[in-house]
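Worksheet: the structure to be examined is printed underneath.
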Protein chains: 2
Amino acid sequence: MSDARGLFDHIKHGDIDELADAIGELLQNPITIEDADHRLIAYSSHGDITDQARWSTIMGRRVPERVLTRLWKDGVFQQLLTQADPVHIPAKDEVGLGKRVAIAIRRGDEVLGYIWAQELNRPITRQDDETLRQAARAAVTRLLQRQGKRKAEEQRRKEFFWELLLGNHQSETAILQKAETLHLELQAPYLVCIIDSDKSQLEQVLYPLLMRDRIIWGKDGNQLIMLLSNGPLQPKDAKDKNGLLSYAESFWQEVSDKLYERFPDQRETFSFGYGRPCQAFMESRRSYQEAMLVLQVKRLFPKEVEKINGYHDLGIYRFLLTLKKWNNSESYQNERLRTLESYDRDNQTNLLETLETFLDTTGKVNQTAQSLHIHINTLSYRLRRIEEIMGISLDDPNQRTAIYLELKLRKLI
Amino acid sequence: MSDARGLFDHIKHGDIDELADAIGELLQNPITIEDADHRLIAYSSHGDITDQARWSTIMGRRVPERVLTRLWKDGVFQQLLTQADPVHIPAKDEVGLGKRVAIAIRRGDEVLGYIWAQELNRPITRQDDETLRQAARAAVTRLLQRQGKRKAEEQRRKEFFWELLLGNHQSETAILQKAETLHLELQAPYLVCIIDSDKSQLEQVLYPLLMRDRIIWGKDGNQLIMLLSNGPLQPKDAKDKNGLLSYAESFWQEVSDKLYERFPDQRETFSFGYGRPCQAFMESRRSYQEAMLVLQVKRLFPKEVEKINGYHDLGIYRFLLTLKKWNNSESYQNERLRTLESYDRDNQTNLLETLETFLDTTGKVNQTAQSLHIHINTLSYRLRRIEEIMGISLDDPNQRTAIYLELKLRKLI
DNA sequence: ATTTGATTTGTGGATTTTCACAAATGGGAG
DNA sequence: CTCCCATTTGTGAAAATCCACAAATCAAAT
């Protein structure tokens, strides 16, 4: 096969689309070239009938998510990433993928992209492997160029993303303009959400999800930060915002499932939080900080906010830290709770725990008694004692609310 | 009576006690000299049997409060303040006051003090009036001297008082030393309380109360500010603090009664607030600011904190202003309450009011229904709707508490 | 050892809450 | 006008709460 040397030399200076056409002609089959992120770069244009997967890829300028997921699951990418030779892939009808052959375009250890050859007109055999190897080699320079441009743009995007989150922007129109030049599609309403974990490189696991339309993301240490959008706002009514909130929840559901699949033993080491929805892009700072607060609260009150991901759902935990700081600055301590606590200490009783349980069930004596494993009359006696010792009435909503808050505040150091 | 001129000239340079003795000898009766604040200055020392009022005055170095109150009520002081002649006062046995004659010591319009002559050994007649007039004249210079000293000290006390409240003090011992030099008896535990009104000169009405032992007071505009103490701390247990709190309440009760007596139609124009008890005198700043906060909250939530005077009793209102500020700085609004509000607007319903009433009764459906004049099932239906529309469960103590707080927060502009 | 006082548990009955279901009301859209 | 839908009121039964009173338990003090 020494005559194969220089097979694609004649298009050395041509467009990468010409390369695709040239390979297609040699193999007599439809060709697709993608970059490392599975974005479409070029495709042969013979108008052949093609399969669903290729069609979607060309139309969406990107390989569909379910196809990617499937190929990862089947280990195809693992092969492509580790070997220099073409990989022959059987048809996967469920995802609309016909039989094909793929090869990674690589320089050294780095994978720059892929060439896909669908087996439509004739089978692709071992004899064609060398053709594909040469094609991959011929694509390298062009992908490198492209990657250079992409990397620069990626860098600028990254900077823009952090400007958005840290709120260094001057005006809304300035943001929109800049986004345009960076080919970023900003869509309102949106919100900022964060996935927090002790794993680095988490984005690799979640790649298919992150690559979705309408997600703009970045990372900071072990945190993945995302701008999530539901699609453009229908000017119907405010329900769209709720839609966005439930979209965030279902997104976390998907992420969570994927993570559980990958790390079956440690679902609890991942944490998710998101801020309130925004209309304008100058608000992203707020939403980001809200998401951060959610994560902070989750670290401080793991049990209490276990099922809460959204800032809007934090309830009292939204401002508990603020309150704590203020109390500290005023060196305030609730005298009554202290009294009750020292009573407990002196008399080996559990009145404080009783009180908290009572308040945690919004005053349902039945539930409280059950949860404490005591007789209901014991509870009623204790509640009477608590009222006596603290000198308050548990029927007073003001005192009751205050006590509830201060009980929770006590858990902060 | 021209020979009476110079009656007391021989003791011109003597002690004021000599003057009292000289008058006593002339009138053959016990004499007492007081300053304008009814503090004892001098008394004749013949060891005569005397009445309860004089005995208490000498022992306490000050006229007892109930005697003062009675004399004000009977118009005796009004006479003394307006006329230069002696006033003959019948016995008032209920307050232990025997029959006596009094004259004001005055320079121009200003009253510097009083001379009291009890009618014990012989009646005091109109013939003695000139003696008393001369005695009063003879006392002027001595009282002026005394007043001069007192005024200077009063000024320094005033400064010290505000240093205490504004917290400019370096150390606890420095405070105690300074208090000592100013003849101020600081006693712990104590607290700072404030009477607020739209009346100026309120201290005149409350003079007897303010002149009590253990009250150190000052004024700022229409506010009377007081350091209140229960007496020295018995090192028994923490109950002393509660004692101080209830002392503050009973003090307000007395003040309130007195004010109601004087201004029967406008009890509501007076307001009272006090901070938490202090042990150290460096804490007075805190207690003062707490008292101020109570008054501020009372202006903002007149109904809600109507019966609350103590900072420790404020409940959620203790930090509601802080929260409001924080919410504003975060430009936060509870989306759910807004949703409910706009539902009310669109459908002419009262769900927001229903919700608030429900929370104001700590979730007692009976009371809520009664207070809203609706059927209990109507209430239960509304509550279900509220949960649907807001997307929360009223059984969740976290959400419930948060909503309660934010409902109250809404009332701040 | 006895007493005292605080705490827990038990019993029973009046009252309140909860829930399901049905009927009446009343306003707005077709 | 009727129909539809949200709201209000009514009825009844099961469950939960509240209250008063009594008995049992237990630890600390005398």
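For the structure tokens, the naming scheme is as follows: chains receive sequential letters (A, B, ...) according to their order of presentation, residues are indexed from 1 within each chain, and ligands are indexed from 1 in presentation order.
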Please return, as a PyMOL selection string, all residues of chain A lying within 8 Å of chain C when only C-alpha atoms (C1' of nucleotides) are considered. chain A and resi 375+377-378
May I ask you to extract the residues of chain B within 7 Å of chain A, using only C-alpha atoms, and to give them as a ChimeraX atom specification? /B:315-316,360-362,395,397-399,401-402
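From atom CA of A:Ser44 back to atom CA of A:Gln28, the distance works out to 10.3 Å.
You will find atom CA of B:Thr173 at 20.5 Å from atom CA of B:Ile215.
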Can you list, as a PyMOL selection string, all residues belonging to stretch 35-177 of chain A that DSSP tags as helix (DSSP H, G or I)? chain A and resi 52-60+65-73+76-82+93-95+126-166+172-177
Find the residues of chain B in contact range of chain D, meaning any atom within 10 Å when counting only C-alpha atoms (C1' of nucleotides), and list them as an MDAnalysis selection string. chainID B and resid 347 349 374:379 381:382
Preceding selection exported with N, CA, C and O atoms as a CSV table (one decimal), in the first residue's frame:
chain,number,residue,atom,x,y,z
B,347,ASN,N,-59.0,37.5,41.2
B,347,ASN,CA,-60.2,36.7,41.4
B,347,ASN,C,-61.0,37.3,42.6
B,347,ASN,O,-61.9,36.6,43.1
B,349,THR,N,-60.5,37.5,45.7
B,349,THR,CA,-60.4,36.6,46.8
B,349,THR,C,-59.6,37.2,48.0
B,349,THR,O,-59.1,38.3,47.8
B,374,ILE,N,-66.0,33.1,58.5
B,374,ILE,CA,-66.3,32.2,57.5
B,374,ILE,C,-66.5,30.8,58.0
B,374,ILE,O,-66.1,30.5,59.1
B,375,HIS,N,-67.1,30.0,57.2
B,375,HIS,CA,-67.3,28.6,57.6
B,375,HIS,C,-66.0,27.9,57.7
B,375,HIS,O,-65.1,28.2,56.9
B,376,ILE,N,-65.9,26.9,58.6
B,376,ILE,CA,-64.6,26.2,58.8
B,376,ILE,C,-64.2,25.5,57.6
B,376,ILE,O,-63.0,25.4,57.2
B,377,ASN,N,-65.2,25.0,56.8
B,377,ASN,CA,-64.9,24.3,55.6
B,377,ASN,C,-64.4,25.2,54.5
B,377,ASN,O,-63.6,24.8,53.7
B,378,THR,N,-64.9,26.4,54.5
B,378,THR,CA,-64.5,27.4,53.6
B,378,THR,C,-63.0,27.7,53.9
B,378,THR,O,-62.2,27.7,52.9
B,379,LEU,N,-62.7,27.7,55.1
B,379,LEU,CA,-61.3,28.0,55.5
B,379,LEU,C,-60.4,26.8,55.0
B,379,LEU,O,-59.3,27.0,54.4
B,381,TYR,N,-60.9,24.8,52.6
B,381,TYR,CA,-60.8,24.9,51.2
B,381,TYR,C,-59.8,25.9,50.7
B,381,TYR,O,-58.9,25.7,49.9
B,382,ARG,N,-59.9,27.1,51.4
B,382,ARG,CA,-59.0,28.2,51.1
B,382,ARG,C,-57.5,27.8,51.3
B,382,ARG,O,-56.6,28.0,50.6
Which residues are close to B:Gln201, i.e. within 10 Å by only C-alpha atoms (C1' of nucleotides), leaving aside same-chain residues fewer than 3 positions away? Reply as a VMD selection string. chain B and resid 198 204 to 206 219 221 to 224
Okay, now the selection with N, CA, C and O atoms, as a compact mmCIF listing (two decimals), in the first residue's frame?
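Output below, filename result05.txt:
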# COMPACT_ATOMS: atom_id res chain seq x y z
N ASP B 198 -45.04 62.79 73.07
CA ASP B 198 -44.99 64.03 72.31
C ASP B 198 -45.08 65.23 73.24
O ASP B 198 -45.23 66.35 72.80
N GLN B 204 -41.39 66.66 84.70
CA GLN B 204 -42.05 67.34 85.81
C GLN B 204 -43.19 66.51 86.35
O GLN B 204 -43.39 66.42 87.57
N VAL B 205 -43.95 65.91 85.43
CA VAL B 205 -45.07 65.08 85.87
C VAL B 205 -44.56 63.86 86.63
O VAL B 205 -45.16 63.41 87.60
N LEU B 206 -43.45 63.33 86.18
CA LEU B 206 -42.97 62.07 86.74
C LEU B 206 -41.93 62.27 87.83
O LEU B 206 -41.30 61.32 88.27
N LYS B 219 -32.61 63.31 79.84
CA LYS B 219 -33.60 63.44 78.77
C LYS B 219 -32.94 63.82 77.45
O LYS B 219 -31.85 64.39 77.41
N GLY B 221 -34.60 65.38 73.98
CA GLY B 221 -35.84 65.77 73.31
C GLY B 221 -37.02 65.41 74.18
O GLY B 221 -37.03 65.75 75.36
N ASN B 222 -37.96 64.70 73.62
CA ASN B 222 -39.12 64.30 74.40
C ASN B 222 -38.96 62.90 75.00
O ASN B 222 -39.94 62.27 75.37
N GLN B 223 -37.75 62.43 75.04
CA GLN B 223 -37.54 61.10 75.62
C GLN B 223 -36.91 61.21 77.00
O GLN B 223 -35.97 61.98 77.21
N LEU B 224 -37.47 60.44 77.90
CA LEU B 224 -36.84 60.29 79.21
C LEU B 224 -36.09 58.98 79.21
O LEU B 224 -36.67 57.93 78.94
DSSP strand (DSSP E or B) residues within stretch 207-306 of chain A, listed as a list in words: Ile215, Ile216, Trp217, Gly218, Lys219, Asp220, Gln223, Leu224, Ile225, Met226, Leu227, Leu228, Ser229, Ser271, Phe272, Gly273, Tyr274 and Cys278 of chain A
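Distance-wise, atom CA of B:Gln289 and atom CA of B:Cys193 end up 9.7 Å apart.
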Can you pull out every residue within 12 Å of B:Leu186, counting only C-alpha atoms (C1' of nucleotides), but drop anything in the same chain fewer than 4 positions away, and send it as number ranges by chain? B: 160-161, 164, 172-173, 175-182, 190-191, 213-217, 227-233, 278-282, 284
Dump N, CA, C and O atoms for the selected residues as a compact mmCIF listing (two decimals), in the first residue's frame?
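That gives us again_8.txt:
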# COMPACT_ATOMS: atom_id res chain seq x y z
N PHE B 160 -21.62 62.46 82.00
CA PHE B 160 -21.28 61.06 82.32
C PHE B 160 -22.38 60.11 81.87
O PHE B 160 -22.12 59.05 81.28
N PHE B 161 -23.61 60.53 82.12
CA PHE B 161 -24.76 59.71 81.74
C PHE B 161 -24.74 59.41 80.24
O PHE B 161 -24.89 58.27 79.80
N LEU B 164 -22.03 57.10 79.23
CA LEU B 164 -22.46 55.72 79.52
C LEU B 164 -23.31 55.18 78.38
O LEU B 164 -23.06 54.09 77.84
N GLU B 172 -14.34 49.33 82.79
CA GLU B 172 -15.36 49.24 83.81
C GLU B 172 -14.94 50.00 85.07
O GLU B 172 -15.74 50.73 85.65
N THR B 173 -13.68 49.82 85.48
CA THR B 173 -13.25 50.49 86.72
C THR B 173 -13.27 52.00 86.55
O THR B 173 -13.63 52.73 87.48
N ILE B 175 -15.34 53.69 84.81
CA ILE B 175 -16.73 54.11 84.97
C ILE B 175 -17.09 54.19 86.45
O ILE B 175 -17.64 55.19 86.93
N LEU B 176 -16.75 53.16 87.18
CA LEU B 176 -17.13 53.10 88.59
C LEU B 176 -16.49 54.24 89.38
O LEU B 176 -17.13 54.88 90.22
N GLN B 177 -15.22 54.51 89.06
CA GLN B 177 -14.53 55.61 89.74
C GLN B 177 -15.24 56.93 89.47
O GLN B 177 -15.55 57.70 90.39
N LYS B 178 -15.49 57.18 88.22
CA LYS B 178 -16.12 58.44 87.85
C LYS B 178 -17.48 58.59 88.52
O LYS B 178 -17.83 59.67 89.02
N ALA B 179 -18.23 57.51 88.55
CA ALA B 179 -19.54 57.54 89.20
C ALA B 179 -19.38 57.92 90.66
O ALA B 179 -20.14 58.73 91.20
N GLU B 180 -18.37 57.36 91.28
CA GLU B 180 -18.12 57.64 92.70
C GLU B 180 -17.89 59.14 92.92
O GLU B 180 -18.54 59.75 93.78
N THR B 181 -17.02 59.72 92.11
CA THR B 181 -16.73 61.14 92.30
C THR B 181 -17.96 61.99 92.07
O THR B 181 -18.08 63.08 92.59
N LEU B 182 -18.89 61.50 91.27
CA LEU B 182 -20.09 62.28 90.99
C LEU B 182 -21.22 61.95 91.96
O LEU B 182 -22.37 62.36 91.75
N TYR B 190 -28.77 46.15 86.01
CA TYR B 190 -29.61 47.29 85.67
C TYR B 190 -30.03 47.16 84.21
O TYR B 190 -29.56 46.27 83.50
N LEU B 191 -30.90 48.05 83.79
CA LEU B 191 -31.22 48.10 82.37
C LEU B 191 -31.56 49.52 81.99
O LEU B 191 -31.82 50.36 82.85
N ASP B 213 -34.73 56.24 94.60
CA ASP B 213 -33.42 55.60 94.68
C ASP B 213 -33.22 54.73 93.45
O ASP B 213 -34.16 54.21 92.89
N ARG B 214 -31.99 54.57 93.08
CA ARG B 214 -31.61 53.61 92.06
C ARG B 214 -32.11 53.96 90.66
O ARG B 214 -32.02 53.16 89.76
N ILE B 215 -32.65 55.13 90.47
CA ILE B 215 -32.95 55.54 89.10
C ILE B 215 -32.02 56.69 88.75
O ILE B 215 -31.94 57.68 89.45
N ILE B 216 -31.30 56.49 87.65
CA ILE B 216 -30.47 57.56 87.12
C ILE B 216 -31.09 57.92 85.79
O ILE B 216 -31.34 57.04 84.97
N TRP B 217 -31.37 59.16 85.60
CA TRP B 217 -32.11 59.50 84.38
C TRP B 217 -31.57 60.75 83.72
O TRP B 217 -30.80 61.53 84.28
N LEU B 227 -31.69 54.64 83.77
CA LEU B 227 -31.04 53.40 84.19
C LEU B 227 -31.83 52.88 85.38
O LEU B 227 -31.93 53.55 86.41
N LEU B 228 -32.38 51.69 85.20
CA LEU B 228 -33.27 51.14 86.23
C LEU B 228 -32.56 49.98 86.92
O LEU B 228 -31.98 49.12 86.26
N SER B 229 -32.62 49.96 88.23
CA SER B 229 -32.01 48.83 88.92
C SER B 229 -32.92 48.33 90.01
O SER B 229 -33.71 49.07 90.59
N ASN B 230 -32.76 47.08 90.26
CA ASN B 230 -33.61 46.38 91.20
C ASN B 230 -33.01 46.39 92.59
O ASN B 230 -33.61 45.93 93.54
N GLY B 231 -31.83 46.89 92.72
CA GLY B 231 -31.08 46.72 93.97
C GLY B 231 -29.91 45.81 93.69
O GLY B 231 -29.82 45.20 92.61
N PRO B 232 -28.98 45.75 94.62
CA PRO B 232 -27.76 44.98 94.35
C PRO B 232 -28.08 43.49 94.13
O PRO B 232 -29.05 42.97 94.66
N LEU B 233 -27.23 42.90 93.33
CA LEU B 233 -27.44 41.50 92.93
C LEU B 233 -27.21 40.55 94.10
O LEU B 233 -26.15 40.53 94.69
N CYS B 278 -28.14 44.46 82.18
CA CYS B 278 -26.68 44.47 82.09
C CYS B 278 -26.08 44.17 83.45
O CYS B 278 -26.66 44.54 84.48
N GLN B 279 -24.94 43.55 83.44
CA GLN B 279 -24.17 43.40 84.66
C GLN B 279 -23.11 44.50 84.74
O GLN B 279 -22.95 45.17 85.74
N ALA B 280 -22.39 44.63 83.65
CA ALA B 280 -21.31 45.62 83.61
C ALA B 280 -21.86 46.94 83.06
O ALA B 280 -22.86 46.96 82.36
N PHE B 281 -21.16 48.03 83.38
CA PHE B 281 -21.67 49.32 82.94
C PHE B 281 -21.16 49.70 81.56
O PHE B 281 -21.59 50.69 80.99
N MET B 282 -20.29 48.87 81.04
CA MET B 282 -19.90 49.09 79.66
C MET B 282 -20.99 48.58 78.71
O MET B 282 -20.97 48.87 77.53
N SER B 284 -24.08 49.37 78.92
CA SER B 284 -25.26 50.25 78.90
C SER B 284 -25.59 50.72 77.49
O SER B 284 -26.75 50.91 77.15
Using only C-alpha atoms (C1' of nucleotides), determine which residues lie at most 8 Å from A:Leu340, disregarding the query and same-chain residues fewer than 6 positions distant; provide the list as a short mmCIF file (atom, residue, chain, number, x, y, z; two decimals) with N, CA and C atoms, in the first residue's frame.
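Written output follows (out35.cif):
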data_model
loop_
_atom_site.label_atom_id
_atom_site.label_comp_id
_atom_site.auth_asym_id
_atom_site.auth_seq_id
_atom_site.Cartn_x
_atom_site.Cartn_y
_atom_site.Cartn_z
N LEU A 351 -36.11 18.91 77.59
CA LEU A 351 -37.13 19.88 77.18
C LEU A 351 -36.75 20.59 75.89
N LEU A 352 -35.47 20.87 75.72
CA LEU A 352 -35.05 21.57 74.52
C LEU A 352 -35.33 20.73 73.28
N ILE A 386 -42.29 23.71 79.65
CA ILE A 386 -41.49 24.58 78.79
C ILE A 386 -42.05 26.00 78.83
N ILE A 389 -41.14 27.49 82.24
CA ILE A 389 -39.73 27.80 82.43
C ILE A 389 -39.29 28.96 81.55
N MET A 390 -39.75 28.95 80.31
CA MET A 390 -39.33 30.01 79.40
C MET A 390 -40.16 31.27 79.57
#
